[in-house]
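To start, the structure under review is shown below, and the notes come after it.
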Amino acid sequence: MAGLALAWMTPANTSSAIQFLLNSQLTDGGWPAFQGDSEASWTTALALCTLTALNETSDARDRALSWLLKERGKEGHWLWRWKFKTADRYVRFNPDKYGWPWSRGAGSWVIPTAFSVVAIKQFTVCNRSEESEKRIHLGVEMLLDRACVDGGWNSGNSLVYGVPLRPHVEATAIALLALQDEQRTEMIQKSLSWLRQSAASVDSVSSLAWCILTLFVYQEPIGVLKNRLATIIGDGRDIRNNATLATAILALKCGEMIHPFEVLR
């Protein structure tokens, strides 16, 4: 996120961000959740989005794509699908529709699935393949299957022990980014409406920034939201989390620079 936020300033920032990512990539093509970890994680999708946005041309992106196409939530294994269909019925979802986990061996979650779908869509926009299209479709189906009853997305399942879960702002915003070029189904429209209404009262810097980034690609007005975000963050000195600050910068620059998560297909 920091690389994306700094890239618009000077070419030197772009070069440094690219070099850091290239040096951090693991031999299997993925990226770890933190420097020094030996296992690839969901951050591979963010890294691929960043390298695509920065027009990086080495084979690092091809290797990242290969990793993403192979990675899947544990529902992707037939034994777990059988378990969810027969023994574990407390969570209501279709295990045949799976996405990506936060880390290897975990189940599919909304945010890593959404970022992975965006990353694959962006990188394969001019070079689609049967494998990448199939994986995109499966990820999209998983997101739609796990949408909350009245629209929006929780972090994972929409119903647990028979109780409908409430949507979360950031999960909804990021899921909608993955669905921006899909057919505007009733569920997507309901989710977009929920996000639009929720954004009006959001005071979290990170959540408001994601609202802005998503509403922009759906051609919704964001001027008032950007002004409110600028007022909340001030000079940014009170924001201790670099990822939050970077996301806020991207949101404030929305419409003035290439959108890092826009899908053009």
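Going through the structure tokens in order, the chains are called A, B, and so on, while each chain numbers its residues from 1 and the ligands are numbered from 1 in the order shown.
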(request) Going by DSSP on the backbone, which bits of stretch 21-206 of chain A are strand (DSSP E)? Write them as a ChimeraX atom specification, please. (result) /A:159-160,163-164
(message) Need to verify the contact set: A:Ser191, 10 Å, only C-alpha atoms, exclusion of same-chain residues closer than 2 positions in sequence. Can you return it as a count of residues only?
(response) 22
(message) Could you list, as a PyMOL selection string, every residue within 10 Å of A:Thr124, counting only C-alpha atoms and ignoring same-chain residues fewer than 4 positions away?
(response) chain A and resi 62+65+119-120+128-129+132-133+265
(message) Taking 3 positions as the minimum chain separation for residues in the same chain, which residues sit within 8 Å of A:Leu177 when counting only C-alpha atoms? Answer as a list in words.
(response) Ala114, Val118, Ala173, Ile174, Gln180, Thr214, Val217, Phe261 and Glu262 of chain A
Dump all heavy atoms for the selected residues as a PDB file, in the first residue's frame?
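Written output follows (part_27.pdb):
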ATOM      1  N   ALA A 114     -11.313 -11.173  -2.371  1.00  0.00           N
ATOM      2  CA  ALA A 114     -11.587  -9.993  -3.194  1.00  0.00           C
ATOM      3  C   ALA A 114     -10.305  -9.424  -3.791  1.00  0.00           C
ATOM      4  O   ALA A 114     -10.239  -9.112  -4.986  1.00  0.00           O
ATOM      5  CB  ALA A 114     -12.306  -8.935  -2.358  1.00  0.00           C
ATOM      6  N   VAL A 118      -9.270  -9.165  -7.827  1.00  0.00           N
ATOM      7  CA  VAL A 118      -8.840  -7.905  -8.449  1.00  0.00           C
ATOM      8  C   VAL A 118      -7.471  -8.079  -9.101  1.00  0.00           C
ATOM      9  O   VAL A 118      -7.248  -7.662 -10.247  1.00  0.00           O
ATOM     10  CB  VAL A 118      -8.799  -6.765  -7.412  1.00  0.00           C
ATOM     11  CG1 VAL A 118      -8.120  -5.524  -8.001  1.00  0.00           C
ATOM     12  CG2 VAL A 118     -10.205  -6.407  -6.951  1.00  0.00           C
ATOM     13  N   ALA A 173     -16.656  -2.898   1.070  1.00  0.00           N
ATOM     14  CA  ALA A 173     -15.996  -2.044   0.081  1.00  0.00           C
ATOM     15  C   ALA A 173     -15.034  -2.853  -0.779  1.00  0.00           C
ATOM     16  O   ALA A 173     -15.022  -2.730  -2.016  1.00  0.00           O
ATOM     17  CB  ALA A 173     -15.264  -0.902   0.780  1.00  0.00           C
ATOM     18  N   ILE A 174     -14.230  -3.701  -0.160  1.00  0.00           N
ATOM     19  CA  ILE A 174     -13.223  -4.451  -0.901  1.00  0.00           C
ATOM     20  C   ILE A 174     -13.867  -5.542  -1.755  1.00  0.00           C
ATOM     21  O   ILE A 174     -13.427  -5.807  -2.882  1.00  0.00           O
ATOM     22  CB  ILE A 174     -12.168  -5.011   0.071  1.00  0.00           C
ATOM     23  CG1 ILE A 174     -11.417  -3.846   0.733  1.00  0.00           C
ATOM     24  CG2 ILE A 174     -11.181  -5.928  -0.650  1.00  0.00           C
ATOM     25  CD1 ILE A 174     -10.537  -4.239   1.911  1.00  0.00           C
ATOM     26  N   GLN A 180     -16.629  -5.040  -9.448  1.00  0.00           N
ATOM     27  CA  GLN A 180     -16.939  -3.792 -10.150  1.00  0.00           C
ATOM     28  C   GLN A 180     -17.273  -3.977 -11.625  1.00  0.00           C
ATOM     29  O   GLN A 180     -18.025  -3.182 -12.199  1.00  0.00           O
ATOM     30  CB  GLN A 180     -15.782  -2.801 -10.020  1.00  0.00           C
ATOM     31  CG  GLN A 180     -14.472  -3.278 -10.603  1.00  0.00           C
ATOM     32  CD  GLN A 180     -13.307  -2.365 -10.305  1.00  0.00           C
ATOM     33  OE1 GLN A 180     -13.054  -1.418 -11.034  1.00  0.00           O
ATOM     34  NE2 GLN A 180     -12.596  -2.634  -9.220  1.00  0.00           N
ATOM     35  N   THR A 214     -13.848   2.622  -3.360  1.00  0.00           N
ATOM     36  CA  THR A 214     -14.853   1.766  -4.000  1.00  0.00           C
ATOM     37  C   THR A 214     -15.949   2.574  -4.671  1.00  0.00           C
ATOM     38  O   THR A 214     -16.313   2.307  -5.827  1.00  0.00           O
ATOM     39  CB  THR A 214     -15.474   0.817  -2.964  1.00  0.00           C
ATOM     40  OG1 THR A 214     -14.459  -0.052  -2.463  1.00  0.00           O
ATOM     41  CG2 THR A 214     -16.587  -0.020  -3.581  1.00  0.00           C
ATOM     42  N   VAL A 217     -15.077   3.904  -8.224  1.00  0.00           N
ATOM     43  CA  VAL A 217     -15.125   3.030  -9.398  1.00  0.00           C
ATOM     44  C   VAL A 217     -16.561   2.704  -9.790  1.00  0.00           C
ATOM     45  O   VAL A 217     -16.811   2.261 -10.909  1.00  0.00           O
ATOM     46  CB  VAL A 217     -14.316   1.729  -9.190  1.00  0.00           C
ATOM     47  CG1 VAL A 217     -12.864   2.037  -8.917  1.00  0.00           C
ATOM     48  CG2 VAL A 217     -14.907   0.873  -8.090  1.00  0.00           C
ATOM     49  N   PHE A 261      -6.872  -0.085  -7.862  1.00  0.00           N
ATOM     50  CA  PHE A 261      -7.688  -1.298  -7.814  1.00  0.00           C
ATOM     51  C   PHE A 261      -8.813  -1.273  -8.846  1.00  0.00           C
ATOM     52  O   PHE A 261      -9.758  -2.053  -8.762  1.00  0.00           O
ATOM     53  CB  PHE A 261      -8.266  -1.491  -6.414  1.00  0.00           C
ATOM     54  CG  PHE A 261      -7.209  -1.568  -5.349  1.00  0.00           C
ATOM     55  CD1 PHE A 261      -7.045  -0.535  -4.444  1.00  0.00           C
ATOM     56  CD2 PHE A 261      -6.353  -2.659  -5.264  1.00  0.00           C
ATOM     57  CE1 PHE A 261      -6.055  -0.585  -3.473  1.00  0.00           C
ATOM     58  CE2 PHE A 261      -5.367  -2.723  -4.303  1.00  0.00           C
ATOM     59  CZ  PHE A 261      -5.214  -1.684  -3.404  1.00  0.00           C
ATOM     60  N   GLU A 262      -8.695  -0.400  -9.836  1.00  0.00           N
ATOM     61  CA  GLU A 262      -9.713  -0.360 -10.885  1.00  0.00           C
ATOM     62  C   GLU A 262      -9.484  -1.499 -11.857  1.00  0.00           C
ATOM     63  O   GLU A 262      -8.341  -1.812 -12.218  1.00  0.00           O
ATOM     64  CB  GLU A 262      -9.684   0.979 -11.618  1.00  0.00           C
ATOM     65  CG  GLU A 262     -10.836   1.148 -12.598  1.00  0.00           C
ATOM     66  CD  GLU A 262     -10.955   2.558 -13.109  1.00  0.00           C
ATOM     67  OE1 GLU A 262     -10.035   3.364 -12.919  1.00  0.00           O
ATOM     68  OE2 GLU A 262     -12.014   2.879 -13.717  1.00  0.00           O
TER      69      GLU A 262
END
(message) For a quick check of understanding, using only C-alpha atoms, which of A:Ile232, A:Ile18, A:Leu192, A:Ala40 has the smallest distance to A:Leu208?
(response) A:Ile232
Quick one: everything within 10 Å of A:Val140, counting only C-alpha atoms, minus sequence neighbours fewer than 2 positions away in the same chain. Send it as an mmCIF file with N, CA and C atoms, in the first residue's frame.
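result_39.cif, written as the output of this step:
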data_model
loop_
_atom_site.group_PDB
_atom_site.id
_atom_site.type_symbol
_atom_site.label_atom_id
_atom_site.label_comp_id
_atom_site.auth_asym_id
_atom_site.auth_seq_id
_atom_site.Cartn_x
_atom_site.Cartn_y
_atom_site.Cartn_z
ATOM 1 N N LYS A 97 -17.968 -23.374 -3.714
ATOM 2 C CA LYS A 97 -17.567 -22.032 -4.150
ATOM 3 C C LYS A 97 -16.558 -21.494 -3.137
ATOM 4 N N TYR A 98 -15.296 -21.620 -3.473
ATOM 5 C CA TYR A 98 -14.256 -21.243 -2.523
ATOM 6 C C TYR A 98 -13.348 -20.165 -3.125
ATOM 7 N N GLY A 99 -12.671 -19.463 -2.224
ATOM 8 C CA GLY A 99 -11.792 -18.393 -2.662
ATOM 9 C C GLY A 99 -10.389 -18.570 -2.131
ATOM 10 N N THR A 113 -9.966 -13.010 -0.725
ATOM 11 C CA THR A 113 -10.571 -13.449 -1.979
ATOM 12 C C THR A 113 -10.800 -12.269 -2.910
ATOM 13 N N ALA A 114 -11.313 -11.173 -2.371
ATOM 14 C CA ALA A 114 -11.587 -9.993 -3.194
ATOM 15 C C ALA A 114 -10.305 -9.424 -3.791
ATOM 16 N N VAL A 117 -9.046 -11.692 -6.598
ATOM 17 C CA VAL A 117 -9.834 -11.537 -7.822
ATOM 18 C C VAL A 117 -9.416 -10.268 -8.561
ATOM 19 N N LYS A 134 -11.418 -19.210 -15.055
ATOM 20 C CA LYS A 134 -12.123 -20.147 -14.176
ATOM 21 C C LYS A 134 -11.933 -19.781 -12.711
ATOM 22 N N ARG A 135 -10.693 -19.389 -12.365
ATOM 23 C CA ARG A 135 -10.401 -19.027 -10.970
ATOM 24 C C ARG A 135 -11.091 -17.730 -10.579
ATOM 25 N N ILE A 136 -11.138 -16.766 -11.502
ATOM 26 C CA ILE A 136 -11.866 -15.518 -11.242
ATOM 27 C C ILE A 136 -13.334 -15.829 -10.993
ATOM 28 N N HIS A 137 -13.913 -16.641 -11.873
ATOM 29 C CA HIS A 137 -15.335 -16.963 -11.762
ATOM 30 C C HIS A 137 -15.649 -17.632 -10.431
ATOM 31 N N LEU A 138 -14.781 -18.542 -10.010
ATOM 32 C CA LEU A 138 -14.998 -19.246 -8.750
ATOM 33 C C LEU A 138 -14.923 -18.278 -7.570
ATOM 34 N N MET A 142 -17.931 -17.285 -4.986
ATOM 35 C CA MET A 142 -17.777 -17.404 -3.542
ATOM 36 C C MET A 142 -18.224 -16.126 -2.854
ATOM 37 N N LEU A 143 -17.825 -14.970 -3.384
ATOM 38 C CA LEU A 143 -18.224 -13.692 -2.782
ATOM 39 C C LEU A 143 -19.740 -13.512 -2.812
ATOM 40 N N LEU A 144 -20.345 -13.809 -3.924
ATOM 41 C CA LEU A 144 -21.799 -13.649 -4.029
ATOM 42 C C LEU A 144 -22.524 -14.618 -3.098
ATOM 43 N N ASP A 145 -21.977 -15.819 -2.954
ATOM 44 C CA ASP A 145 -22.600 -16.823 -2.092
ATOM 45 C C ASP A 145 -22.554 -16.408 -0.618
ATOM 46 N N ALA A 175 -14.936 -6.164 -1.253
ATOM 47 C CA ALA A 175 -15.657 -7.154 -2.067
ATOM 48 C C ALA A 175 -16.247 -6.491 -3.308
ATOM 49 N N ALA A 178 -13.862 -6.081 -6.140
ATOM 50 C CA ALA A 178 -13.678 -7.298 -6.932
ATOM 51 C C ALA A 178 -14.823 -7.519 -7.919
ATOM 52 N N LEU A 179 -15.988 -6.948 -7.626
ATOM 53 C CA LEU A 179 -17.184 -7.180 -8.441
ATOM 54 C C LEU A 179 -17.513 -6.013 -9.361
ATOM 55 N N GLU A 182 -18.562 -6.859 -12.856
ATOM 56 C CA GLU A 182 -19.545 -7.941 -12.993
ATOM 57 C C GLU A 182 -20.938 -7.361 -13.245
#
(message) What's the separation between atom CA of A:Lys121 and atom CA of A:Val263, in Å to one decimal place?
(response) 6.6 Å
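Atom CA of A:Ser204 is found 12.3 Å from atom CA of A:His168.
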(request) Considering only C-alpha atoms, return as a count of residues only whatever protein or nucleic-acid residues lie within 12 Å of A:Leu245, sequence-local ones (same chain, fewer than 2 positions apart) excluded. (result) 33
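The smallest atom-to-atom distance between A:Asp181 and any of A:Leu26, A:Leu264, A:Leu54, A:Cys49, using only C-alpha atoms, is found for A:Leu264.
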(request) Could you find all residues in stretch 81-153 of chain A that DSSP calls helix (DSSP H, G or I) from the backbone, and write them as a PyMOL selection string? (result) chain A and resi 81-86+110-123+130-145
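Across the model, the gap from atom CA of A:Glu170 to atom CA of A:Gly30 is 23.9 Å.
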